file query27.txt (compact mmCIF, C-alpha atoms and all ligand atoms)
# COMPACT_ATOMS: atom_id res chain seq x y z
CA MET A 1 -123.53 -74.43 11.71
CA LEU A 2 -120.32 -76.41 12.17
CA SER A 3 -119.53 -79.48 14.23
CA ARG A 4 -117.14 -78.96 17.15
CA GLU A 5 -114.44 -80.83 15.20
CA GLU A 6 -114.89 -78.59 12.12
CA ASN A 7 -114.72 -75.44 14.24
CA GLU A 8 -111.48 -76.69 15.83
CA LEU A 9 -110.06 -77.62 12.42
CA LEU A 10 -110.83 -74.17 10.99
CA THR A 11 -109.71 -72.05 13.93
CA ARG A 12 -106.60 -73.65 15.48
CA VAL A 13 -103.30 -72.54 13.98
CA GLU A 14 -100.72 -73.03 16.74
CA GLY A 15 -98.25 -75.90 17.02
CA ASP A 16 -98.99 -78.74 14.65
CA ALA A 17 -102.60 -77.74 13.89
CA PRO A 18 -103.58 -78.68 10.29
CA ALA A 19 -104.83 -75.13 9.43
CA GLY A 20 -101.55 -73.62 10.68
CA ARG A 21 -99.53 -76.15 8.70
CA MET A 22 -101.55 -75.34 5.58
CA MET A 23 -101.21 -71.56 6.03
CA CYS A 24 -97.43 -71.86 6.42
CA ARG A 25 -97.35 -72.77 2.73
CA TYR A 26 -98.10 -69.15 1.71
CA TRP A 27 -96.39 -65.75 1.87
CA PHE A 28 -97.66 -63.44 4.66
CA PRO A 29 -96.91 -59.88 5.75
CA ALA A 30 -94.75 -59.98 8.89
CA LEU A 31 -94.62 -56.23 9.60
CA LEU A 32 -94.97 -52.77 8.08
CA ALA A 33 -91.85 -51.75 6.17
CA GLU A 34 -91.58 -48.59 8.30
CA GLU A 35 -91.22 -50.65 11.52
CA LEU A 36 -87.76 -51.80 10.54
CA ALA A 37 -85.20 -49.02 10.44
CA PRO A 38 -81.68 -49.82 9.15
CA GLY A 39 -79.80 -51.75 11.85
CA ALA A 40 -82.99 -52.47 13.86
CA ALA A 41 -84.30 -55.82 15.20
CA VAL A 42 -88.04 -56.24 15.95
CA PRO A 43 -89.76 -59.28 17.53
CA VAL A 44 -92.57 -60.72 15.40
CA ARG A 45 -95.18 -63.24 16.52
CA MET A 46 -97.17 -64.90 13.73
CA LEU A 47 -98.74 -68.31 13.12
CA GLY A 48 -97.92 -69.19 16.73
CA ARG A 49 -94.17 -68.70 16.20
CA GLU A 50 -91.71 -66.25 17.75
CA LEU A 51 -89.42 -64.64 15.18
CA VAL A 52 -87.08 -61.68 14.95
CA ALA A 53 -87.07 -59.35 11.94
CA ARG A 54 -83.83 -57.46 11.25
CA ARG A 55 -82.72 -54.90 8.76
CA GLY A 56 -79.05 -54.61 7.95
CA THR A 57 -77.39 -51.23 7.82
CA ASP A 58 -77.19 -51.82 4.05
CA GLY A 59 -81.05 -52.00 3.83
CA ALA A 60 -81.56 -55.82 3.51
CA ALA A 61 -84.58 -56.95 5.61
CA ARG A 62 -84.82 -60.53 6.97
CA VAL A 63 -87.41 -62.32 9.14
CA GLY A 64 -85.52 -65.00 11.06
CA ALA A 65 -83.81 -67.22 8.51
CA ALA A 66 -86.91 -67.36 6.29
CA PRO A 67 -87.24 -65.98 2.74
CA THR A 68 -88.23 -62.30 2.99
CA ARG A 69 -89.56 -59.74 0.48
CA GLU A 70 -90.35 -56.04 0.81
CA ALA A 71 -93.28 -54.92 -1.37
CA GLY A 72 -96.37 -52.74 -1.13
CA GLY A 73 -95.18 -51.02 2.05
CA LEU A 74 -95.00 -54.40 3.84
CA ILE A 75 -92.28 -56.90 4.73
CA TRP A 76 -93.42 -60.39 3.76
CA THR A 77 -92.10 -63.77 4.75
CA TYR A 78 -92.57 -67.43 3.89
CA LEU A 79 -92.37 -69.84 6.84
CA GLY A 80 -93.01 -73.16 5.07
CA PRO A 81 -90.67 -75.88 3.83
CA ALA A 82 -87.85 -74.47 1.67
CA ASP A 83 -88.50 -76.85 -1.23
CA LEU A 84 -92.19 -75.84 -1.40
CA GLU A 85 -91.74 -72.03 -1.51
CA PRO A 86 -94.52 -70.66 -3.74
CA PRO A 87 -94.22 -67.68 -6.12
CA PHE A 88 -94.52 -64.31 -4.38
CA PRO A 89 -98.13 -62.95 -4.66
CA ALA A 90 -97.17 -59.97 -6.82
CA PHE A 91 -100.50 -58.09 -6.70
CA ASP A 92 -100.61 -54.97 -8.90
CA TRP A 93 -100.44 -52.69 -5.84
CA THR A 94 -97.20 -54.28 -4.61
CA ALA A 95 -95.47 -52.64 -7.60
CA LEU A 96 -96.85 -49.14 -6.96
CA PRO A 97 -94.59 -46.33 -5.76
CA ARG A 98 -94.72 -45.91 -1.98
CA GLU A 99 -96.51 -42.53 -2.20
CA GLN A 100 -99.53 -44.15 -3.90
CA LEU A 101 -100.04 -46.50 -0.92
CA ALA A 102 -101.29 -46.04 2.63
CA THR A 103 -100.81 -48.93 5.05
CA PHE A 104 -101.75 -49.57 8.66
CA LYS A 105 -102.17 -52.51 10.99
CA PHE A 106 -103.64 -53.36 14.37
CA VAL A 107 -104.03 -56.38 16.63
CA GLU A 108 -107.44 -57.95 17.13
CA ARG A 109 -108.12 -60.06 20.22
CA ALA A 110 -109.96 -62.59 18.10
CA ASN A 111 -109.20 -65.73 16.12
CA TYR A 112 -108.28 -65.10 12.46
CA LEU A 113 -111.42 -66.87 11.18
CA GLN A 114 -113.63 -64.30 12.93
CA VAL A 115 -111.68 -61.51 11.25
CA VAL A 116 -111.79 -63.26 7.86
CA GLU A 117 -115.54 -63.76 8.19
CA GLY A 118 -115.92 -60.04 8.94
CA GLY A 119 -114.15 -59.33 5.64
CA LEU A 120 -116.41 -61.78 3.82
CA ASP A 121 -119.56 -60.25 5.27
CA SER A 122 -120.05 -57.34 2.83
CA GLY A 123 -123.58 -56.74 4.10
CA HIS A 124 -122.29 -55.40 7.43
CA THR A 125 -120.90 -52.30 5.69
CA LEU A 126 -124.48 -51.15 5.01
CA TYR A 127 -125.28 -51.21 8.73
CA LEU A 128 -122.23 -51.20 11.00
CA HIS A 129 -120.47 -48.40 9.09
CA ARG A 130 -123.53 -46.42 8.06
CA GLY A 131 -123.62 -43.71 10.69
CA PHE A 132 -121.08 -40.94 10.92
CA GLY A 133 -122.85 -38.81 13.51
CA ASP A 134 -121.23 -35.41 13.32
CA GLN A 135 -118.86 -36.38 10.51
CA LYS A 136 -119.41 -35.70 6.81
CA PHE A 137 -119.86 -38.50 4.31
CA SER A 138 -116.94 -39.16 1.98
CA GLN A 139 -117.29 -38.58 -1.76
CA GLU A 140 -117.17 -42.35 -2.27
CA GLU A 141 -119.92 -42.96 0.28
CA LEU A 142 -122.15 -40.33 -1.36
CA ALA A 143 -121.52 -41.84 -4.81
CA ARG A 144 -122.46 -45.34 -3.58
CA ARG A 145 -125.58 -44.09 -1.80
CA ALA A 146 -126.67 -42.33 -5.00
CA ILE A 147 -126.53 -45.66 -6.87
CA SER A 148 -128.58 -47.65 -4.37
CA SER A 149 -130.31 -47.40 -1.01
CA ASP A 150 -131.18 -51.11 -0.99
CA LEU A 151 -130.39 -52.56 2.46
CA SER A 152 -131.32 -56.16 1.58
CA PRO A 153 -128.38 -57.41 -0.51
CA ARG A 154 -128.31 -60.83 -2.22
CA PHE A 155 -125.10 -62.83 -2.45
CA GLU A 156 -123.64 -65.27 -4.96
CA ALA A 157 -120.21 -66.90 -4.68
CA GLU A 158 -117.98 -69.25 -6.64
CA ASP A 159 -114.61 -70.98 -6.43
CA THR A 160 -111.67 -69.46 -8.29
CA ALA A 161 -108.10 -70.56 -8.90
CA TYR A 162 -106.93 -68.29 -6.06
CA GLY A 163 -109.75 -69.00 -3.57
CA ILE A 164 -113.25 -67.61 -3.86
CA ARG A 165 -114.98 -64.62 -5.41
CA PHE A 166 -118.40 -63.31 -4.57
CA ALA A 167 -120.92 -60.66 -5.51
CA MET A 168 -123.09 -58.46 -3.34
CA ILE A 169 -126.10 -57.64 -5.53
CA ARG A 170 -128.44 -54.73 -4.76
CA THR A 171 -131.34 -53.01 -6.48
CA PRO A 172 -130.30 -49.65 -7.96
CA THR A 173 -132.35 -46.49 -7.50
CA VAL A 174 -132.43 -45.76 -11.24
CA ASP A 175 -134.00 -48.35 -13.58
CA PRO A 176 -134.51 -50.98 -10.84
CA GLU A 177 -136.63 -53.23 -13.11
CA ARG A 178 -133.88 -53.72 -15.68
CA THR A 179 -130.56 -53.37 -13.86
CA LYS A 180 -128.67 -54.57 -10.76
CA TYR A 181 -125.78 -53.11 -8.78
CA VAL A 182 -122.97 -55.62 -8.34
CA LYS A 183 -120.01 -55.27 -5.98
CA ILE A 184 -117.30 -57.92 -6.24
CA THR A 185 -114.93 -59.06 -3.51
CA ALA A 186 -112.05 -61.44 -4.25
CA PHE A 187 -110.69 -63.58 -1.43
CA VAL A 188 -107.19 -64.76 -2.21
CA PHE A 189 -106.08 -67.73 -0.12
CA PRO A 190 -105.38 -67.96 2.61
CA SER A 191 -106.18 -64.48 3.98
CA THR A 192 -106.28 -61.56 1.52
CA CYS A 193 -109.55 -59.74 0.86
CA ILE A 194 -109.62 -57.44 -2.19
CA PHE A 195 -112.70 -55.23 -2.06
CA GLY A 196 -114.53 -53.82 -5.10
CA ARG A 197 -112.73 -50.87 -6.64
CA PRO A 198 -114.39 -47.61 -5.62
CA VAL A 199 -117.14 -45.91 -7.63
CA SER A 200 -115.25 -42.63 -7.53
CA SER A 201 -111.79 -42.83 -9.14
CA SER A 202 -110.47 -40.32 -6.61
CA SER A 203 -111.02 -42.87 -3.81
CA PRO A 204 -108.44 -45.58 -3.09
CA THR A 205 -109.07 -49.33 -3.35
CA SER A 206 -108.83 -51.31 -0.13
CA VAL A 207 -107.11 -54.62 0.52
CA GLN A 208 -107.12 -56.35 3.91
CA ILE A 209 -104.78 -59.15 4.94
CA PHE A 210 -105.48 -61.14 8.10
CA VAL A 211 -102.42 -62.76 9.67
CA PRO A 212 -102.93 -65.21 12.55
CA ILE A 213 -100.70 -64.28 15.51
CA ASP A 214 -101.90 -67.26 17.56
CA ASP A 215 -105.25 -68.97 18.13
CA GLY A 216 -106.73 -65.97 19.93
CA HIS A 217 -105.10 -62.97 18.18
CA THR A 218 -104.91 -61.69 14.62
CA MET A 219 -102.87 -58.94 12.96
CA HIS A 220 -105.17 -56.99 10.67
CA TYR A 221 -103.29 -55.27 7.81
CA THR A 222 -104.94 -52.77 5.48
CA VAL A 223 -103.42 -51.43 2.28
CA LEU A 224 -105.16 -48.58 0.49
CA PHE A 225 -103.88 -47.89 -3.01
CA SER A 226 -104.50 -45.13 -5.49
CA VAL A 227 -106.29 -46.07 -8.73
CA ASN A 228 -105.64 -42.79 -10.54
CA GLY A 229 -101.92 -42.37 -9.84
CA ARG A 230 -102.43 -39.56 -7.33
CA PRO A 231 -100.46 -39.79 -4.09
CA LEU A 232 -102.18 -40.79 -0.84
CA ASP A 233 -101.40 -39.01 2.40
CA GLN A 234 -100.77 -41.89 4.79
CA ALA A 235 -100.84 -39.70 7.92
CA THR A 236 -104.27 -38.30 6.96
CA VAL A 237 -105.64 -41.77 6.20
CA ARG A 238 -104.51 -43.07 9.61
CA ARG A 239 -105.87 -40.03 11.43
CA GLU A 240 -109.28 -40.19 9.70
CA LEU A 241 -109.61 -43.94 10.32
CA CYS A 242 -108.48 -43.64 13.97
CA VAL A 243 -105.57 -46.08 13.62
CA GLU A 244 -102.64 -43.86 14.64
CA ARG A 245 -99.91 -45.57 16.66
CA GLY A 246 -99.41 -43.71 19.93
CA ILE A 247 -102.93 -42.19 19.72
CA ASN A 248 -105.45 -44.95 18.92
CA LEU A 249 -102.99 -47.86 19.10
CA ASP A 250 -100.26 -48.61 21.64
CA GLN A 251 -96.64 -49.27 20.64
CA GLU A 252 -97.48 -52.95 19.98
CA TYR A 253 -100.33 -51.90 17.63
CA ARG A 254 -103.02 -52.94 20.15
CA PRO A 255 -106.11 -50.70 19.94
CA LEU A 256 -106.74 -48.61 23.05
CA ALA A 257 -110.45 -49.16 22.28
CA ARG A 258 -111.05 -52.58 23.83
CA GLU A 259 -113.53 -54.65 25.79
CA GLU A 260 -112.48 -53.08 29.12
CA ASN A 261 -113.65 -49.63 27.94
CA TRP A 262 -116.47 -50.97 25.74
CA TRP A 263 -114.44 -50.12 22.62
CA GLY A 264 -114.71 -46.41 23.36
CA GLN A 265 -118.42 -46.30 22.57
CA ASP A 266 -119.77 -42.76 22.92
CA ARG A 267 -123.48 -42.89 23.87
CA ALA A 268 -123.85 -39.11 23.45
CA LEU A 269 -122.64 -39.45 19.84
CA MET A 270 -125.22 -42.20 19.29
CA LYS A 271 -127.96 -39.87 20.54
CA ARG A 272 -126.89 -37.45 17.82
CA GLY A 273 -127.45 -40.15 15.16
CA ASP A 274 -124.22 -42.14 15.04
CA TRP A 275 -124.90 -45.85 14.46
CA THR A 276 -122.21 -47.32 16.74
CA GLY A 277 -120.76 -44.43 18.74
CA ILE A 278 -117.33 -45.87 17.90
CA ALA A 279 -114.88 -43.68 15.97
CA GLY A 280 -113.46 -45.07 12.71
CA PHE A 281 -114.52 -48.07 10.56
CA PRO A 282 -111.63 -50.28 11.73
CA MET A 283 -112.49 -49.98 15.42
CA GLN A 284 -116.17 -50.63 14.65
CA ASP A 285 -115.07 -53.93 13.08
CA VAL A 286 -112.83 -54.67 16.07
CA ALA A 287 -115.73 -54.12 18.50
CA VAL A 288 -117.98 -56.55 16.65
CA GLN A 289 -115.32 -59.20 16.08
CA GLU A 290 -113.84 -59.13 19.59
CA SER A 291 -117.15 -58.93 21.44
CA MET A 292 -118.05 -62.41 20.14
CA GLY A 293 -115.23 -63.85 22.30
CA ALA A 294 -111.82 -64.95 21.03
CA ILE A 295 -113.15 -68.08 19.27
CA VAL A 296 -116.84 -68.22 18.41
CA ASP A 297 -118.71 -71.44 19.15
CA ARG A 298 -119.98 -72.15 15.63
CA THR A 299 -121.95 -75.21 16.78
CA ARG A 300 -124.57 -72.71 17.98
CA GLU A 301 -124.72 -70.31 15.03
CA HIS A 302 -127.61 -69.82 12.59
CA LEU A 303 -126.34 -68.78 9.17
CA GLY A 304 -128.57 -66.92 6.73
CA THR A 305 -128.55 -66.12 3.01
CA THR A 306 -126.13 -63.21 3.49
CA ASP A 307 -123.62 -65.76 4.81
CA ILE A 308 -123.23 -67.46 1.40
CA PRO A 309 -119.62 -66.20 0.98
CA ILE A 310 -118.74 -67.43 4.50
CA ILE A 311 -120.15 -70.90 3.79
CA ARG A 312 -118.24 -71.03 0.50
CA PHE A 313 -115.03 -69.90 2.19
CA ARG A 314 -115.22 -72.52 4.96
CA ARG A 315 -115.82 -75.30 2.45
CA ARG A 316 -112.84 -74.17 0.35
CA PHE A 317 -110.63 -73.74 3.43
CA ILE A 318 -111.37 -77.26 4.67
CA GLU A 319 -110.68 -78.53 1.14
CA SER A 320 -107.33 -76.73 1.22
CA ILE A 321 -106.38 -78.25 4.61
CA LYS A 322 -107.32 -81.74 3.41
CA ARG A 323 -105.35 -81.34 0.20
CA CYS A 324 -102.32 -80.33 2.23
CA GLU A 325 -102.75 -83.32 4.55
CA ARG A 326 -102.76 -85.60 1.48
CA GLY A 327 -99.49 -84.08 0.28
CA GLU A 328 -101.17 -82.09 -2.49
CA PRO A 329 -100.80 -78.32 -3.06
CA PRO A 330 -103.32 -76.21 -1.11
CA VAL A 331 -105.79 -73.86 -2.84
CA GLY A 332 -104.13 -71.24 -5.03
CA LEU A 333 -100.83 -73.10 -5.24
CA ASP A 334 -101.88 -75.86 -7.65
CA VAL A 335 -102.26 -73.62 -10.71
CA PRO A 336 -100.44 -70.37 -11.55
CA VAL A 337 -102.42 -67.37 -10.25
CA PRO A 338 -101.97 -64.12 -12.21
CA TYR A 339 -101.95 -61.98 -9.04
CA GLU A 340 -100.95 -58.85 -10.94
CA ARG A 341 -104.13 -59.05 -13.05
CA LEU A 342 -106.65 -59.68 -10.24
CA ARG A 343 -109.25 -56.93 -10.38
CA THR A 344 -112.42 -56.27 -8.47
CA GLU A 345 -115.12 -53.79 -9.39
CA GLN A 346 -118.54 -52.51 -8.51
CA ARG A 347 -120.97 -51.30 -11.16
CA VAL A 348 -124.52 -51.47 -12.49
CA ILE A 349 -125.23 -54.10 -15.15
CA GLY A 350 -128.30 -55.50 -16.93
CA ILE A 351 -130.56 -57.53 -14.65
CA ASP A 352 -130.07 -60.70 -16.74
CA GLU A 353 -126.32 -60.32 -17.19
CA PRO A 354 -124.06 -62.66 -15.18
CA TRP A 355 -122.34 -60.98 -12.21
CA GLN A 356 -119.16 -62.82 -13.16
CA GLN A 357 -118.54 -60.29 -15.95
CA VAL A 358 -117.85 -57.62 -13.32
CA GLY A 359 -114.15 -57.57 -12.66
CA ALA A 360 -113.72 -60.94 -14.32
CA PHE A 361 -111.18 -62.32 -16.69
CA ALA A 362 -111.09 -65.69 -18.35
CA GLY A 363 -108.40 -67.26 -16.18
CA GLU A 364 -110.06 -66.40 -12.91
CA PHE A 365 -112.64 -69.15 -12.62
CA VAL A 366 -111.45 -72.73 -12.44
CA PRO A 367 -114.35 -75.18 -12.68
CA PRO A 368 -114.28 -77.81 -9.90
CA GLU A 369 -113.63 -80.65 -12.39
CA VAL A 370 -110.35 -79.03 -13.45
CA ARG A 371 -109.09 -78.58 -9.92
CA THR A 372 -106.97 -81.26 -8.36
CA GLY A 373 -107.97 -82.86 -5.07
FE FE B 401 -116.19 -53.40 8.35
call {"tool": "encode", "arguments": {"input": "query27.txt", "output": "structure tokens"}}
result
Amino acid sequence: MLSREENELLTRVEGDAPAGRMMCRYWFPALLAEELAPGAAVPVRMLGRELVARRGTDGAARVGAAPTREAGGLIWTYLGPADLEPPFPAFDWTALPREQLATFKFVERANYLQVVEGGLDSGHTLYLHRGFGDQKFSQEELARRAISSDLSPRFEAEDTAYGIRFAMIRTPTVDPERTKYVKITAFVFPSTCIFGRPVSSSSPTSVQIFVPIDDGHTMHYTVLFSVNGRPLDQATVRRELCVERGINLDQEYRPLAREENWWGQDRALMKRGDWTGIAGFPMQDVAVQESMGAIVDRTREHLGTTDIPIIRFRRRFIESIKRCERGEPPVGLDVPVPYERLRTEQRVIGIDEPWQQVGAFAGEFVPPEVRTG
């Protein structure tokens, strides 16, 4: 539970709000690379600001007058003070050839913190996304279900140089007395969620980036990237996940599934065994995150043990805002972060082994006493 003041501090990004000022210190995606054809100009609203992205006929993309980079199928920009521009977050997937990436985005009518907390709530995947009704399970889903059917995950989380990292720990079906199934998620400040690499190497890894548009709206970017070098078919990915512009999304990337039509929930599909009756994982998330209202009143919430990553995130986010207010670098910008080496995994390990060994490397964890601020 938060105080009213803490909830305001964490959720407000427009104007001179401290969280908005802190987030301006980082690079963010401004649009999908494909949105900007040579010679085109596209309006962009992010962090409460109105901007215009342009691409010259010679291919150079710019967002307003701000520093701009094109990488990983996205156009990124930095809106903070020129003398404090941080290194570009050069994640491994930003260097992949375009055909090994699939990207999409959509607008959520919810504050960014609600969307972030959805990303941090790994447990919801076991329930919200469990039912496919008439659809077949993916190879990846079948592989994960074969490892464990445990629906009561435990969570552990810790601070890292780049933000936080946490483990969802479940009891495996085979050898449950001596092993545990660990899935790692890395949250890179201020808004990138890197989910555990898939069990099946033929499935892509998923990264989500949540960009505040204003206090009540968030642009939700997803990048899927190949881990075995095989190309991904972006059109198929978008069709299967129900995030096609002009079909599931309007021209401004707003989902047609929305509160007014109860997010397209199909009760007949639910009768046939579908958990939500809503087509596609992304729109299932949208329904849950938007139906709470644009900004949740967190003075009335009751957090449980599966909310450990959310509690850790909020603490670290407030720390980052306060550091910024004191004139110190916010989280992730005080020490060099080896973005290109950040890995997440999911696998079964010995029951007494530390979860930190899954997807870990020595530079990832920075003990609190080493951190500044
Ligand atoms: Fe989800």
call {"tool": "residues_near_ligand", "arguments": {"input": "query27.txt", "ligand": "ligand FE 401 (chain B)", "cutoff": "8 Å", "atoms": "only C-alpha atoms and all ligand atoms", "output": "list in words"}}
result
Gly118, Gly119, Ser122, His124, Thr125, Leu128, His129, Phe281, Pro282, Gln284 and Asp285 of chain A
call {"tool": "atom_distance", "arguments": {"input": "query27.txt", "atom1": "atom CA of A:Phe187", "atom2": "atom CA of A:His217"}}
result
20.4 Å
call {"tool": "residues_near_point", "arguments": {"input": "query27.txt", "point": "(-93.6, -67.7, 0.7)", "cutoff": "9 Å", "atoms": "only C-alpha atoms", "output": "PyMOL selection string"}}
result
chain A and resi 24-28+66-69+76-80+82+84-89
call {"tool": "residues_around", "arguments": {"input": "query27.txt", "residues": "A:Gln265", "least_positions_apart": "5", "cutoff": "8 Å", "atoms": "only C-alpha atoms", "output": "PyMOL selection string"}}
result
chain A and resi 276-279
call {"tool": "atom_distance", "arguments": {"input": "query27.txt", "atom1": "atom CA of A:Gly327", "atom2": "atom CA of A:Thr192"}}
result
23.6 Å
call {"tool": "residues_around", "arguments": {"input": "query27.txt", "residues": "A:Pro43", "least_positions_apart": "3", "cutoff": "12 Å", "atoms": "all atoms listed in the file", "output": "CSV table (one decimal) with C-alpha atoms, in the frame of the given file"}}
result
chain,number,residue,atom,x,y,z
A,30,ALA,CA,-94.8,-60.0,8.9
A,31,LEU,CA,-94.6,-56.2,9.6
A,35,GLU,CA,-91.2,-50.6,11.5
A,36,LEU,CA,-87.8,-51.8,10.5
A,40,ALA,CA,-83.0,-52.5,13.9
A,46,MET,CA,-97.2,-64.9,13.7
A,49,ARG,CA,-94.2,-68.7,16.2
A,50,GLU,CA,-91.7,-66.2,17.8
A,51,LEU,CA,-89.4,-64.6,15.2
A,52,VAL,CA,-87.1,-61.7,15.0
A,53,ALA,CA,-87.1,-59.4,11.9
A,54,ARG,CA,-83.8,-57.5,11.2
A,62,ARG,CA,-84.8,-60.5,7.0
A,63,VAL,CA,-87.4,-62.3,9.1
A,64,GLY,CA,-85.5,-65.0,11.1
A,252,GLU,CA,-97.5,-53.0,20.0
call {"tool": "closest_residue", "arguments": {"input": "query27.txt", "among": "A:Ile318, A:Val174, A:Ala143, A:Ile310", "to": "A:Leu120", "atoms": "only C-alpha atoms"}}
result
A:Ile310
call {"tool": "atom_distance", "arguments": {"input": "query27.txt", "atom1": "atom CA of A:Gln356", "atom2": "atom CA of A:Thr344"}}
result
10.5 Å
call {"tool": "closest_residue", "arguments": {"input": "query27.txt", "among": "A:Gly359, A:Pro81, A:Gly350, A:Gly264", "to": "A:Arg178", "atoms": "only C-alpha atoms"}}
result
A:Gly350
call {"tool": "closest_residue", "arguments": {"input": "query27.txt", "among": "A:Leu256, A:Thr299, A:Val182, A:Trp275", "to": "A:Leu126", "atoms": "all atoms listed in the file"}}
result
A:Trp275
call {"tool": "residues_around", "arguments": {"input": "query27.txt", "residues": "A:Ser152", "least_positions_apart": "6", "cutoff": "9 Å", "atoms": "all atoms listed in the file", "output": "PyMOL selection string"}}
result
chain A and resi 123+169-171+306
call {"tool": "write_last_selection", "arguments": {"input": "query27.txt", "atoms": "C-alpha atoms", "output": "short mmCIF file (atom, residue, chain, number, x, y, z; two decimals), in the frame of the given file"}}
result
data_model
loop_
_atom_site.label_atom_id
_atom_site.label_comp_id
_atom_site.auth_asym_id
_atom_site.auth_seq_id
_atom_site.Cartn_x
_atom_site.Cartn_y
_atom_site.Cartn_z
CA GLY A 123 -123.58 -56.74 4.10
CA ILE A 169 -126.10 -57.64 -5.53
CA ARG A 170 -128.44 -54.73 -4.76
CA THR A 171 -131.34 -53.01 -6.48
CA THR A 306 -126.13 -63.21 3.49
#
call {"tool": "closest_residue", "arguments": {"input": "query27.txt", "among": "A:Arg4, A:Arg230, A:Arg109, A:Arg45", "to": "A:Pro97", "atoms": "only C-alpha atoms"}}
result
A:Arg230
call {"tool": "closest_residue", "arguments": {"input": "query27.txt", "among": "A:Leu241, A:Val13, A:Ala235, A:Ala19", "to": "A:Phe317", "atoms": "all atoms listed in the file"}}
result
A:Ala19
call {"tool": "residues_near_point", "arguments": {"input": "query27.txt", "point": "(-105.2, -77.5, 5.8)", "cutoff": "8 Å", "atoms": "only C-alpha atoms", "output": "NGL selection string"}}
result
:A and (18-23 or 317-325 or 330)
call {"tool": "closest_residue", "arguments": {"input": "query27.txt", "among": "A:Ala65, A:Ala167, A:Ala90, A:Val288", "to": "A:Pro336", "atoms": "all atoms listed in the file"}}
result
A:Ala90
